[in-house]
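Next comes entry.cif, a file with mmCIF, C-alpha atoms.
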```cif
data_data
#
loop_
_atom_site.group_PDB
_atom_site.id
_atom_site.type_symbol
_atom_site.label_atom_id
_atom_site.label_comp_id
_atom_site.auth_asym_id
_atom_site.auth_seq_id
_atom_site.Cartn_x
_atom_site.Cartn_y
_atom_site.Cartn_z
ATOM 1 C CA MET W 1 23.335 2.588 -11.705
ATOM 2 C CA LYS W 2 21.337 -0.619 -11.989
ATOM 3 C CA ALA W 3 17.554 -0.637 -12.293
ATOM 4 C CA TYR W 4 14.789 -3.005 -13.348
ATOM 5 C CA VAL W 5 13.249 -1.716 -16.561
ATOM 6 C CA ILE W 6 10.253 -2.863 -18.589
ATOM 7 C CA HIS W 7 10.077 -2.063 -22.297
ATOM 8 C CA GLU W 8 6.626 -3.582 -22.827
ATOM 9 C CA PHE W 9 3.781 -5.079 -20.830
ATOM 10 C CA GLY W 10 3.844 -8.759 -20.033
ATOM 11 C CA GLY W 11 5.068 -11.450 -17.688
ATOM 12 C CA ILE W 12 7.837 -11.487 -15.135
ATOM 13 C CA ASP W 13 10.383 -11.984 -17.903
ATOM 14 C CA LYS W 14 9.743 -8.367 -18.956
ATOM 15 C CA LEU W 15 11.635 -7.124 -15.865
ATOM 16 C CA LYS W 16 15.148 -6.452 -17.182
ATOM 17 C CA LEU W 17 18.067 -5.493 -14.913
ATOM 18 C CA GLU W 18 19.912 -2.790 -16.852
ATOM 19 C CA GLU W 19 22.395 0.044 -16.485
ATOM 20 C CA VAL W 20 20.579 3.401 -16.550
ATOM 21 C CA GLU W 21 21.497 6.992 -15.839
ATOM 22 C CA LYS W 22 21.604 7.981 -12.181
ATOM 23 C CA PRO W 23 18.983 10.663 -11.389
ATOM 24 C CA THR W 24 19.779 14.224 -10.366
ATOM 25 C CA PRO W 25 17.357 16.158 -8.147
ATOM 26 C CA THR W 26 15.247 19.131 -9.174
ATOM 27 C CA SER W 27 15.049 22.018 -6.716
ATOM 28 C CA ASN W 28 12.367 20.324 -4.579
ATOM 29 C CA GLU W 29 13.636 16.749 -4.835
ATOM 30 C CA ALA W 30 16.077 14.471 -3.051
ATOM 31 C CA VAL W 31 18.056 11.577 -4.478
ATOM 32 C CA ILE W 32 17.877 8.491 -2.294
ATOM 33 C CA ALA W 33 20.321 5.586 -2.198
ATOM 34 C CA VAL W 34 17.717 2.833 -1.980
ATOM 35 C CA LYS W 35 18.193 0.214 0.742
ATOM 36 C CA ALA W 36 14.791 -1.508 0.681
ATOM 37 C CA ILE W 37 11.765 -1.585 -1.620
ATOM 38 C CA GLY W 38 8.220 -2.405 -0.563
ATOM 39 C CA MET W 39 6.457 -4.560 -3.133
ATOM 40 C CA ASN W 40 2.813 -3.819 -3.939
ATOM 41 C CA THR W 41 0.067 -5.399 -6.003
ATOM 42 C CA VAL W 42 -0.066 -2.364 -8.294
ATOM 43 C CA ASP W 43 3.525 -3.162 -9.349
ATOM 44 C CA TYR W 44 2.690 -6.419 -11.096
ATOM 45 C CA GLU W 45 -0.660 -5.104 -12.311
ATOM 46 C CA MET W 46 1.174 -2.291 -14.029
ATOM 47 C CA ARG W 47 3.824 -4.645 -15.398
ATOM 48 C CA GLN W 48 1.056 -6.714 -16.983
ATOM 49 C CA GLY W 49 -0.807 -3.668 -18.302
ATOM 50 C CA ASP W 50 -3.857 -4.421 -16.153
ATOM 51 C CA VAL W 51 -4.334 -0.887 -14.801
ATOM 52 C CA LEU W 52 -5.373 2.245 -16.661
ATOM 53 C CA ILE W 53 -2.233 4.225 -17.475
ATOM 54 C CA ASP W 54 -2.241 7.626 -19.187
ATOM 55 C CA ASN W 55 0.697 9.063 -21.103
ATOM 56 C CA LEU W 56 2.884 6.023 -20.538
ATOM 57 C CA ARG W 57 6.192 6.064 -22.324
ATOM 58 C CA PHE W 58 8.485 3.044 -22.286
ATOM 59 C CA PRO W 59 10.971 2.208 -20.914
ATOM 60 C CA VAL W 60 9.482 2.283 -17.383
ATOM 61 C CA ILE W 61 10.982 1.672 -13.937
ATOM 62 C CA LEU W 62 8.296 0.416 -11.551
ATOM 63 C CA GLY W 63 8.031 0.687 -7.755
ATOM 64 C CA CYS W 64 6.879 3.425 -5.373
ATOM 65 C CA ASP W 65 7.631 2.244 -1.801
ATOM 66 C CA ILE W 66 11.197 2.844 -0.581
ATOM 67 C CA ALA W 67 13.543 3.363 2.328
ATOM 68 C CA GLY W 68 17.121 4.526 2.045
ATOM 69 C CA VAL W 69 19.683 7.242 2.685
ATOM 70 C CA VAL W 70 19.535 10.786 1.324
ATOM 71 C CA GLU W 71 22.479 11.305 -1.008
ATOM 72 C CA THR W 72 21.746 14.738 -2.499
ATOM 73 C CA VAL W 73 19.026 17.359 -2.127
ATOM 74 C CA GLY W 74 17.720 20.164 -4.304
ATOM 75 C CA THR W 75 18.248 23.826 -3.493
ATOM 76 C CA ASP W 76 14.750 24.324 -2.031
ATOM 77 C CA VAL W 77 14.692 21.251 0.226
ATOM 78 C CA THR W 78 14.568 22.021 3.957
ATOM 79 C CA ASN W 79 12.772 19.087 5.624
ATOM 80 C CA ILE W 80 15.539 16.504 5.105
ATOM 81 C CA LYS W 81 19.311 16.600 4.680
ATOM 82 C CA VAL W 82 22.112 14.536 3.200
ATOM 83 C CA GLY W 83 22.705 11.417 5.294
ATOM 84 C CA ASP W 84 19.176 11.160 6.692
ATOM 85 C CA ARG W 85 17.551 7.740 6.762
ATOM 86 C CA VAL W 86 14.158 8.166 5.101
ATOM 87 C CA ALA W 87 11.145 6.292 3.793
ATOM 88 C CA GLY W 88 8.275 7.243 1.562
ATOM 89 C CA LEU W 89 5.554 6.484 -0.935
ATOM 90 C CA ILE W 90 7.121 8.298 -3.870
ATOM 91 C CA ASN W 91 6.179 9.481 -7.361
ATOM 92 C CA PHE W 92 2.691 8.009 -7.150
ATOM 93 C CA PRO W 93 1.483 8.867 -9.683
ATOM 94 C CA HIS W 94 4.666 10.020 -11.383
ATOM 95 C CA LYS W 95 4.826 13.539 -12.820
ATOM 96 C CA ASP W 96 4.607 12.103 -16.353
ATOM 97 C CA GLY W 97 1.132 10.795 -15.541
ATOM 98 C CA THR W 98 2.018 7.158 -14.945
ATOM 99 C CA TRP W 99 2.003 5.088 -11.770
ATOM 100 C CA ALA W 100 5.663 4.211 -12.238
ATOM 101 C CA GLY W 101 7.480 5.499 -9.164
ATOM 102 C CA ARG W 102 10.928 4.456 -10.453
ATOM 103 C CA ALA W 103 11.889 2.769 -7.180
ATOM 104 C CA TYR W 104 13.207 -0.527 -8.614
ATOM 105 C CA ALA W 105 16.653 1.015 -8.739
ATOM 106 C CA GLU W 106 19.817 1.661 -6.761
ATOM 107 C CA TYR W 107 18.962 5.379 -6.667
ATOM 108 C CA VAL W 108 15.703 7.270 -7.051
ATOM 109 C CA ALA W 109 14.733 10.953 -7.153
ATOM 110 C CA ALA W 110 11.548 11.988 -5.360
ATOM 111 C CA PRO W 111 9.872 15.153 -4.059
ATOM 112 C CA ALA W 112 11.225 15.810 -0.576
ATOM 113 C CA ASP W 113 7.745 16.422 0.845
ATOM 114 C CA GLN W 114 6.900 12.770 0.099
ATOM 115 C CA LEU W 115 9.660 11.550 2.433
ATOM 116 C CA ALA W 116 9.817 11.128 6.208
ATOM 117 C CA VAL W 117 12.832 10.570 8.441
ATOM 118 C CA LEU W 118 13.109 7.119 10.013
ATOM 119 C CA GLN W 119 13.608 6.975 13.767
ATOM 120 C CA PRO W 120 16.777 5.036 14.769
ATOM 121 C CA LYS W 121 14.868 1.952 15.939
ATOM 122 C CA ILE W 122 13.041 1.563 12.590
ATOM 123 C CA SER W 123 14.931 -0.496 10.011
ATOM 124 C CA PHE W 124 15.025 0.186 6.289
ATOM 125 C CA LYS W 125 12.981 -2.986 5.742
ATOM 126 C CA GLN W 126 10.299 -1.840 8.155
ATOM 127 C CA GLY W 127 10.197 1.624 6.592
ATOM 128 C CA ALA W 128 9.786 0.244 3.090
ATOM 129 C CA ALA W 129 7.096 -2.154 4.285
ATOM 130 C CA PHE W 130 5.095 0.628 5.896
ATOM 131 C CA SER W 131 4.772 3.690 3.683
ATOM 132 C CA LEU W 132 2.096 2.906 1.092
ATOM 133 C CA VAL W 133 -0.037 0.659 3.292
ATOM 134 C CA ALA W 134 -0.014 2.945 6.336
ATOM 135 C CA LEU W 135 -0.888 6.008 4.267
ATOM 136 C CA ALA W 136 -3.655 4.104 2.475
ATOM 137 C CA VAL W 137 -5.215 3.017 5.773
ATOM 138 C CA LYS W 138 -4.978 6.455 7.378
ATOM 139 C CA GLN W 139 -6.510 8.162 4.366
ATOM 140 C CA ALA W 140 -9.222 5.530 3.841
ATOM 141 C CA LEU W 141 -10.409 4.810 7.386
ATOM 142 C CA PHE W 142 -9.981 8.213 8.990
ATOM 143 C CA ASP W 143 -9.756 10.950 6.316
ATOM 144 C CA ARG W 144 -12.470 9.476 4.082
ATOM 145 C CA GLY W 145 -14.282 7.025 6.361
ATOM 146 C CA ASN W 146 -14.229 9.218 9.488
ATOM 147 C CA LEU W 147 -13.970 6.090 11.654
ATOM 148 C CA GLN W 148 -14.537 6.902 15.339
ATOM 149 C CA ALA W 149 -13.914 5.130 18.643
ATOM 150 C CA GLY W 150 -16.736 2.711 19.411
ATOM 151 C CA GLN W 151 -17.736 2.221 15.776
ATOM 152 C CA LYS W 152 -17.603 -1.095 13.928
ATOM 153 C CA VAL W 153 -15.282 -1.515 10.964
ATOM 154 C CA LEU W 154 -15.081 -4.441 8.536
ATOM 155 C CA ILE W 155 -11.617 -4.955 7.052
ATOM 156 C CA HIS W 156 -11.343 -7.270 4.062
ATOM 157 C CA GLY W 157 -8.046 -9.057 3.413
ATOM 158 C CA ALA W 158 -6.921 -8.441 6.983
ATOM 159 C CA SER W 159 -3.714 -10.484 6.735
ATOM 160 C CA GLY W 160 -2.442 -8.589 3.689
ATOM 161 C CA GLY W 161 -0.188 -5.556 3.433
ATOM 162 C CA VAL W 162 -2.933 -2.963 3.831
ATOM 163 C CA GLY W 163 -5.193 -5.140 5.971
ATOM 164 C CA HIS W 164 -2.720 -5.957 8.730
ATOM 165 C CA ILE W 165 -1.984 -2.252 9.256
ATOM 166 C CA ALA W 166 -5.709 -1.419 9.095
ATOM 167 C CA VAL W 167 -6.540 -3.819 11.921
ATOM 168 C CA GLN W 168 -3.888 -2.244 14.160
ATOM 169 C CA LEU W 169 -4.757 1.378 13.395
ATOM 170 C CA ALA W 170 -8.491 0.778 13.848
ATOM 171 C CA LYS W 171 -7.939 -0.923 17.203
ATOM 172 C CA ASN W 172 -5.617 1.864 18.301
ATOM 173 C CA ARG W 173 -8.437 4.342 17.615
ATOM 174 C CA GLY W 174 -10.890 2.331 19.716
ATOM 175 C CA ALA W 175 -12.964 0.739 16.948
ATOM 176 C CA TYR W 176 -14.519 -2.733 17.050
ATOM 177 C CA VAL W 177 -12.723 -4.632 14.286
ATOM 178 C CA VAL W 178 -14.312 -7.351 12.179
ATOM 179 C CA ALA W 179 -11.796 -8.919 9.791
ATOM 180 C CA THR W 180 -11.945 -11.388 6.925
ATOM 181 C CA ALA W 181 -9.028 -13.787 6.486
ATOM 182 C CA SER W 182 -8.320 -17.394 5.639
ATOM 183 C CA GLU W 183 -8.417 -20.027 8.351
ATOM 184 C CA LYS W 184 -4.632 -20.299 8.011
ATOM 185 C CA GLN W 185 -4.161 -16.611 8.866
ATOM 186 C CA LYS W 186 -6.699 -16.346 11.706
ATOM 187 C CA ALA W 187 -4.095 -16.524 14.476
ATOM 188 C CA PHE W 188 -1.990 -13.851 12.786
ATOM 189 C CA VAL W 189 -4.978 -11.511 12.445
ATOM 190 C CA ARG W 190 -6.155 -12.203 16.001
ATOM 191 C CA ASN W 191 -2.727 -11.238 17.316
ATOM 192 C CA LEU W 192 -3.044 -7.930 15.472
ATOM 193 C CA GLY W 193 -6.081 -7.134 17.631
ATOM 194 C CA ALA W 194 -9.123 -8.109 15.558
ATOM 195 C CA ASP W 195 -12.254 -8.621 17.686
ATOM 196 C CA GLU W 196 -13.975 -10.938 15.227
ATOM 197 C CA ILE W 197 -12.519 -12.934 12.321
ATOM 198 C CA ILE W 198 -14.505 -14.437 9.460
ATOM 199 C CA ASP W 199 -13.062 -17.241 7.334
ATOM 200 C CA TYR W 200 -13.849 -15.860 3.895
ATOM 201 C CA LYS W 201 -13.306 -19.226 2.201
ATOM 202 C CA ASN W 202 -15.941 -21.046 4.239
ATOM 203 C CA GLU W 203 -18.206 -18.291 5.583
ATOM 204 C CA LYS W 204 -20.177 -15.427 4.052
ATOM 205 C CA PHE W 205 -19.487 -12.273 6.000
ATOM 206 C CA GLU W 206 -22.877 -10.798 5.040
ATOM 207 C CA ASP W 207 -24.568 -13.678 6.854
ATOM 208 C CA ILE W 208 -22.590 -13.024 10.044
ATOM 209 C CA VAL W 209 -22.219 -9.272 10.604
ATOM 210 C CA GLN W 210 -24.547 -6.287 10.317
ATOM 211 C CA ASP W 211 -24.635 -2.623 11.331
ATOM 212 C CA ILE W 212 -21.090 -1.907 10.170
ATOM 213 C CA ASP W 213 -20.087 1.773 10.175
ATOM 214 C CA VAL W 214 -17.108 1.570 7.792
ATOM 215 C CA VAL W 215 -15.913 -1.087 5.328
ATOM 216 C CA LEU W 216 -12.392 -1.091 3.903
ATOM 217 C CA ASN W 217 -12.138 -3.188 0.745
ATOM 218 C CA THR W 218 -8.872 -4.420 -0.766
ATOM 219 C CA ILE W 219 -10.189 -7.498 -2.597
ATOM 220 C CA TYR W 220 -11.285 -7.970 -6.217
ATOM 221 C CA GLY W 221 -14.543 -9.639 -7.211
ATOM 222 C CA ASP W 222 -17.945 -9.141 -5.621
ATOM 223 C CA ILE W 223 -16.673 -8.235 -2.142
ATOM 224 C CA ALA W 224 -17.516 -4.539 -2.503
ATOM 225 C CA SER W 225 -21.066 -5.141 -3.730
ATOM 226 C CA ARG W 226 -21.710 -7.672 -0.976
ATOM 227 C CA SER W 227 -20.354 -5.234 1.590
ATOM 228 C CA ILE W 228 -23.205 -2.842 0.851
ATOM 229 C CA LYS W 229 -25.512 -5.339 2.593
ATOM 230 C CA VAL W 230 -23.740 -5.101 5.969
ATOM 231 C CA LEU W 231 -23.462 -1.319 6.302
ATOM 232 C CA LYS W 232 -25.815 0.575 8.580
ATOM 233 C CA SER W 233 -27.691 3.612 7.290
ATOM 234 C CA GLY W 234 -25.205 6.418 6.731
ATOM 235 C CA GLY W 235 -22.299 3.959 6.640
ATOM 236 C CA THR W 236 -19.259 4.192 4.402
ATOM 237 C CA LEU W 237 -17.541 1.844 1.954
ATOM 238 C CA ILE W 238 -14.021 2.873 1.001
ATOM 239 C CA SER W 239 -12.460 0.688 -1.678
ATOM 240 C CA LEU W 240 -8.847 0.721 -2.786
ATOM 241 C CA LEU W 241 -10.090 -0.903 -6.003
ATOM 242 C CA PRO W 242 -12.447 0.718 -8.526
ATOM 243 C CA LEU W 243 -16.181 0.333 -7.857
ATOM 244 C CA ASP W 244 -18.628 -0.623 -10.596
ATOM 245 C CA ASP W 245 -21.819 1.315 -11.310
ATOM 246 C CA THR W 246 -24.031 -1.393 -9.809
ATOM 247 C CA THR W 247 -22.292 -1.103 -6.436
ATOM 248 C CA LEU W 248 -22.442 2.696 -6.501
ATOM 249 C CA GLN W 249 -26.146 2.631 -7.361
ATOM 250 C CA ALA W 250 -26.888 0.112 -4.604
ATOM 251 C CA ALA W 251 -25.107 2.349 -2.118
ATOM 252 C CA ALA W 252 -27.070 5.395 -3.236
ATOM 253 C CA VAL W 253 -30.394 3.574 -2.806
ATOM 254 C CA LYS W 254 -29.457 2.745 0.811
ATOM 255 C CA HIS W 255 -28.112 6.272 1.441
ATOM 256 C CA LEU W 256 -24.583 5.010 1.937
ATOM 257 C CA LYS W 257 -21.274 6.590 1.010
ATOM 258 C CA ALA W 258 -19.244 4.443 -1.385
ATOM 259 C CA GLU W 259 -16.074 5.573 -3.108
ATOM 260 C CA PHE W 260 -12.852 4.412 -4.696
ATOM 261 C CA MET W 261 -9.726 5.939 -3.185
ATOM 262 C CA LEU W 262 -6.239 6.178 -4.647
ATOM 263 C CA VAL W 263 -3.621 6.655 -1.954
ATOM 264 C CA ARG W 264 -1.578 9.850 -2.141
ATOM 265 C CA PRO W 265 1.977 10.477 -0.937
ATOM 266 C CA SER W 266 2.448 12.593 2.193
ATOM 267 C CA GLY W 267 5.675 12.865 4.108
ATOM 268 C CA GLN W 268 3.885 14.696 6.929
ATOM 269 C CA ASP W 269 1.272 11.971 7.416
ATOM 270 C CA LEU W 270 3.928 9.289 7.159
ATOM 271 C CA ALA W 271 6.059 10.955 9.840
ATOM 272 C CA GLU W 272 3.132 10.773 12.279
ATOM 273 C CA LEU W 273 2.505 7.114 11.473
ATOM 274 C CA LEU W 274 6.195 6.254 11.812
ATOM 275 C CA PHE W 275 6.147 7.816 15.273
ATOM 276 C CA ASP W 276 3.426 5.322 16.221
ATOM 277 C CA MET W 277 5.639 2.535 14.891
ATOM 278 C CA SER W 278 8.674 3.731 16.831
ATOM 279 C CA SER W 279 6.601 3.881 20.036
ATOM 280 C CA GLY W 280 5.426 0.277 19.559
ATOM 281 C CA LYS W 281 1.799 1.070 18.655
ATOM 282 C CA LEU W 282 2.157 -0.259 15.100
ATOM 283 C CA GLN W 283 4.134 -3.075 13.526
ATOM 284 C CA ALA W 284 4.820 -3.696 9.848
ATOM 285 C CA HIS W 285 4.942 -7.453 9.379
ATOM 286 C CA ILE W 286 7.414 -8.606 6.741
ATOM 287 C CA GLY W 287 6.273 -11.922 5.331
ATOM 288 C CA ALA W 288 9.123 -12.473 2.857
ATOM 289 C CA THR W 289 12.371 -10.788 1.814
ATOM 290 C CA TYR W 290 14.212 -11.058 -1.513
ATOM 291 C CA PRO W 291 17.592 -9.666 -2.647
ATOM 292 C CA PHE W 292 17.615 -7.042 -5.397
ATOM 293 C CA VAL W 293 19.171 -9.504 -7.851
ATOM 294 C CA ASP W 294 16.130 -11.743 -7.369
ATOM 295 C CA LEU W 295 13.457 -9.031 -7.510
ATOM 296 C CA ALA W 296 11.487 -10.925 -10.167
ATOM 297 C CA ALA W 297 10.826 -13.688 -7.634
ATOM 298 C CA SER W 298 8.982 -11.192 -5.453
ATOM 299 C CA HIS W 299 6.492 -10.649 -8.291
ATOM 300 C CA THR W 300 5.932 -14.405 -8.455
ATOM 301 C CA ALA W 301 5.307 -14.476 -4.696
ATOM 302 C CA MET W 302 2.890 -11.534 -4.815
ATOM 303 C CA GLN W 303 0.855 -13.068 -7.592
ATOM 304 C CA LYS W 304 0.732 -16.440 -5.881
ATOM 305 C CA GLY W 305 -0.510 -14.823 -2.659
ATOM 306 C CA GLY W 306 -0.840 -16.276 0.821
ATOM 307 C CA ILE W 307 2.075 -14.401 2.410
ATOM 308 C CA PRO W 308 0.968 -12.345 5.436
ATOM 309 C CA GLY W 309 2.020 -8.706 5.638
ATOM 310 C CA LYS W 310 4.430 -7.240 3.118
ATOM 311 C CA ILE W 311 7.060 -8.563 0.720
ATOM 312 C CA ILE W 312 10.346 -6.631 0.709
ATOM 313 C CA VAL W 313 13.317 -6.416 -1.656
ATOM 314 C CA VAL W 314 16.649 -5.363 -0.124
ATOM 315 C CA LEU W 315 19.732 -3.833 -1.718
#
```
Structure encoded using structure tokens:
Amino acid sequence: MKAYVIHEFGGIDKLKLEEVEKPTPTSNEAVIAVKAIGMNTVDYEMRQGDVLIDNLRFPVILGCDIAGVVETVGTDVTNIKVGDRVAGLINFPHKDGTWAGRAYAEYVAAPADQLAVLQPKISFKQGAAFSLVALAVKQALFDRGNLQAGQKVLIHGASGGVGHIAVQLAKNRGAYVVATASEKQKAFVRNLGADEIIDYKNEKFEDIVQDIDVVLNTIYGDIASRSIKVLKSGGTLISLLPLDDTTLQAAAVKHLKAEFMLVRPSGQDLAELLFDMSSGKLQAHIGATYPFVDLAASHTAMQKGGIPGKIIVVL
């Protein structure tokens, strides 16, 4: 089969399309014929060597967000069957200790409990666009942040992959949503349901909002530390990026909860979220699509930024 392989860290030129051995499933795994791949920031960060990686052994196949068709299953698999259309955040982190989910390939093996069946009205592209971001939002806002109806949430990067799902899920739960986005993306974010939108390029959110119950951070720089200023007593900052000691100490002084969260795969959680998508309560916006033969261009687009929603690669 064909797969994109990296043999060393570096630029986009390090992504090499090669012939590799097709995977076979262990007893609890399924092999998926990949139809669409969701592209995520961690992909190019890992390609460049910008994230902490333990026990990494080259060559590596990146990618962790997929949708496709079940081709084979292991002897202990009962939740899915051959021929099922499925999606999932897979192999994150991989069993060898890396964050390389091995999804940049025509076929991928993954634990069956990380996969969920796609309802007929959900396309492969939508499934691949949804898995990581929807799970991250559910786990951050509700499992960790305990966001409740009537509370105020501040969502940074609201037009991005995670952010655009966060706005929808928070509104669906009855929260008051404050979102940061560029002026160019304000209409997009407003249509998602945001109650208040702050132009992060020309306005300082800490000068505009106060008494926030939960902050979801997806942006590098000083956004997390500045967010401490807008939280009410007992509030929560959940960051999908690591927090520095200064931010953690500032949160402790104000008796706030502040933590870094790494999303975890869950086929069960994903199945519930996909049901909301199939019923029209959630929409995964696909901002750009690239063919598998041009996967490297998707890395260029991610790094350049400015595309609302998710970037997808199709096979």
Spell out the residues picked by the PyMOL selection byres ((chain W and resi 68) around 7) here, as a PDB file with C-alpha atoms, keeping the file's coordinate frame.
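As written to disk, out.pdb reads:
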```pdb
ATOM      1  CA  ILE W  32      17.877   8.491  -2.294  1.00  0.00           C
ATOM      2  CA  ALA W  33      20.321   5.586  -2.198  1.00  0.00           C
ATOM      3  CA  VAL W  34      17.717   2.833  -1.980  1.00  0.00           C
ATOM      4  CA  LYS W  35      18.193   0.214   0.742  1.00  0.00           C
ATOM      5  CA  ALA W  36      14.791  -1.508   0.681  1.00  0.00           C
ATOM      6  CA  ILE W  66      11.197   2.844  -0.581  1.00  0.00           C
ATOM      7  CA  ALA W  67      13.543   3.363   2.328  1.00  0.00           C
ATOM      8  CA  VAL W  69      19.683   7.242   2.685  1.00  0.00           C
ATOM      9  CA  VAL W  70      19.535  10.786   1.324  1.00  0.00           C
ATOM     10  CA  ARG W  85      17.551   7.740   6.762  1.00  0.00           C
ATOM     11  CA  VAL W  86      14.158   8.166   5.101  1.00  0.00           C
ATOM     12  CA  ALA W  87      11.145   6.292   3.793  1.00  0.00           C
ATOM     13  CA  PHE W 124      15.025   0.186   6.289  1.00  0.00           C
TER      14      PHE W 124
END
```
> Exactly which residues make up the result of the PyMOL selection byres ((chain W and resi 106) around 7) on this file, given as number ranges by chain?
Replying inline: W: 1-3, 33-34, 105, 107-108
>> To test your reading of the syntax: which residues would the PyMOL selection byres ((chain W and resi 202) around 12) return for the file shown? Reply as a ChimeraX atom specification.
In response: /W:180-184,197-201,203-205,207-208
> Counting all atoms listed in the file, what is within 9 Å of Gly309 in chain W, bar same-chain residues fewer than 3 positions away, as a PyMOL selection string?
Replying inline: chain W and resi 129+159-165+284-288
>> Distance cut-off 12 Å, centre (8.8, 13.4, -6.8) in file coordinates, counting only C-alpha atoms: which residues qualify? Return them as a PyMOL selection string.
In response: chain W and resi 23-32+64+73-74+88-97+99-103+108-115+264-267
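Residues having any atom no farther than 8 Å from (18.1, -4.2, -19.9) (counting only C-alpha atoms) are W:Tyr4, W:Val5, W:Lys16, W:Leu17, W:Glu18, W:Glu19.
One distance worth recording is that between CA of Leu295 in chain W and CA of Leu240 in chain W, which is 24.8 Å.
The interatomic distance for the pair CA of Ala271 in chain W and CA of Val117 in chain W works out to 6.9 Å.
In terms of minimum interatomic distance to Met302 in chain W, W:Thr289 ranks closest within W:Val230, W:Gln168, W:Thr289, W:Ala158, counting only C-alpha atoms.
Counting all atoms listed in the file, the residue from W:Val178, W:Leu315, W:Ala296, W:Ile212 that sits nearest to Asp43 in chain W is W:Ala296.
The residue that comes closest to Leu169 in chain W, out of W:Gln148, W:Thr218, W:Gln185, W:Ser233 and on the basis of all atoms listed in the file, is W:Gln148.
In this structure, CA of Val60 in chain W sits 6.6 Å away from CA of His7 in chain W.
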Mind working out the centre and edge lengths of an axis-aligned box for range 9-17 of chain W, all listed atoms inside, 5 Å added to each side, rounded to one decimal in Å and written as lines of an AutoDock Vina configuration file?
```
center_x = 10.9
center_y = -8.5
center_z = -17.9
size_x = 24.3
size_y = 16.9
size_z = 15.9
```
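Minimum distance to Ala140 in chain W across W:Val263, W:Ala252, W:Ala258, W:Met46 (counting only C-alpha atoms) occurs at W:Val263.
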> Near Pro120 in chain W, counting all atoms listed in the file, which residues have an atom at most 12 Å away, once you skip same-chain residues fewer than 6 positions from it, shown as a list in words?
Replying inline: Asp84, Arg85, Val86, Gln126, Gly127, Leu274, Phe275, Met277, Ser278 and Ser279 of chain W
> Which residue out of W:Ile61, W:Ala134, W:Val77, W:Val82 has the minimum interatomic distance to Lys310 in chain W when only C-alpha atoms are used?
Replying inline: W:Ala134
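Ranking W:Val153, W:Leu256, W:Val167, W:Ala251 by their shortest atom-to-atom distance to Val209 in chain W, with all atoms listed in the file included, puts W:Val153 first.
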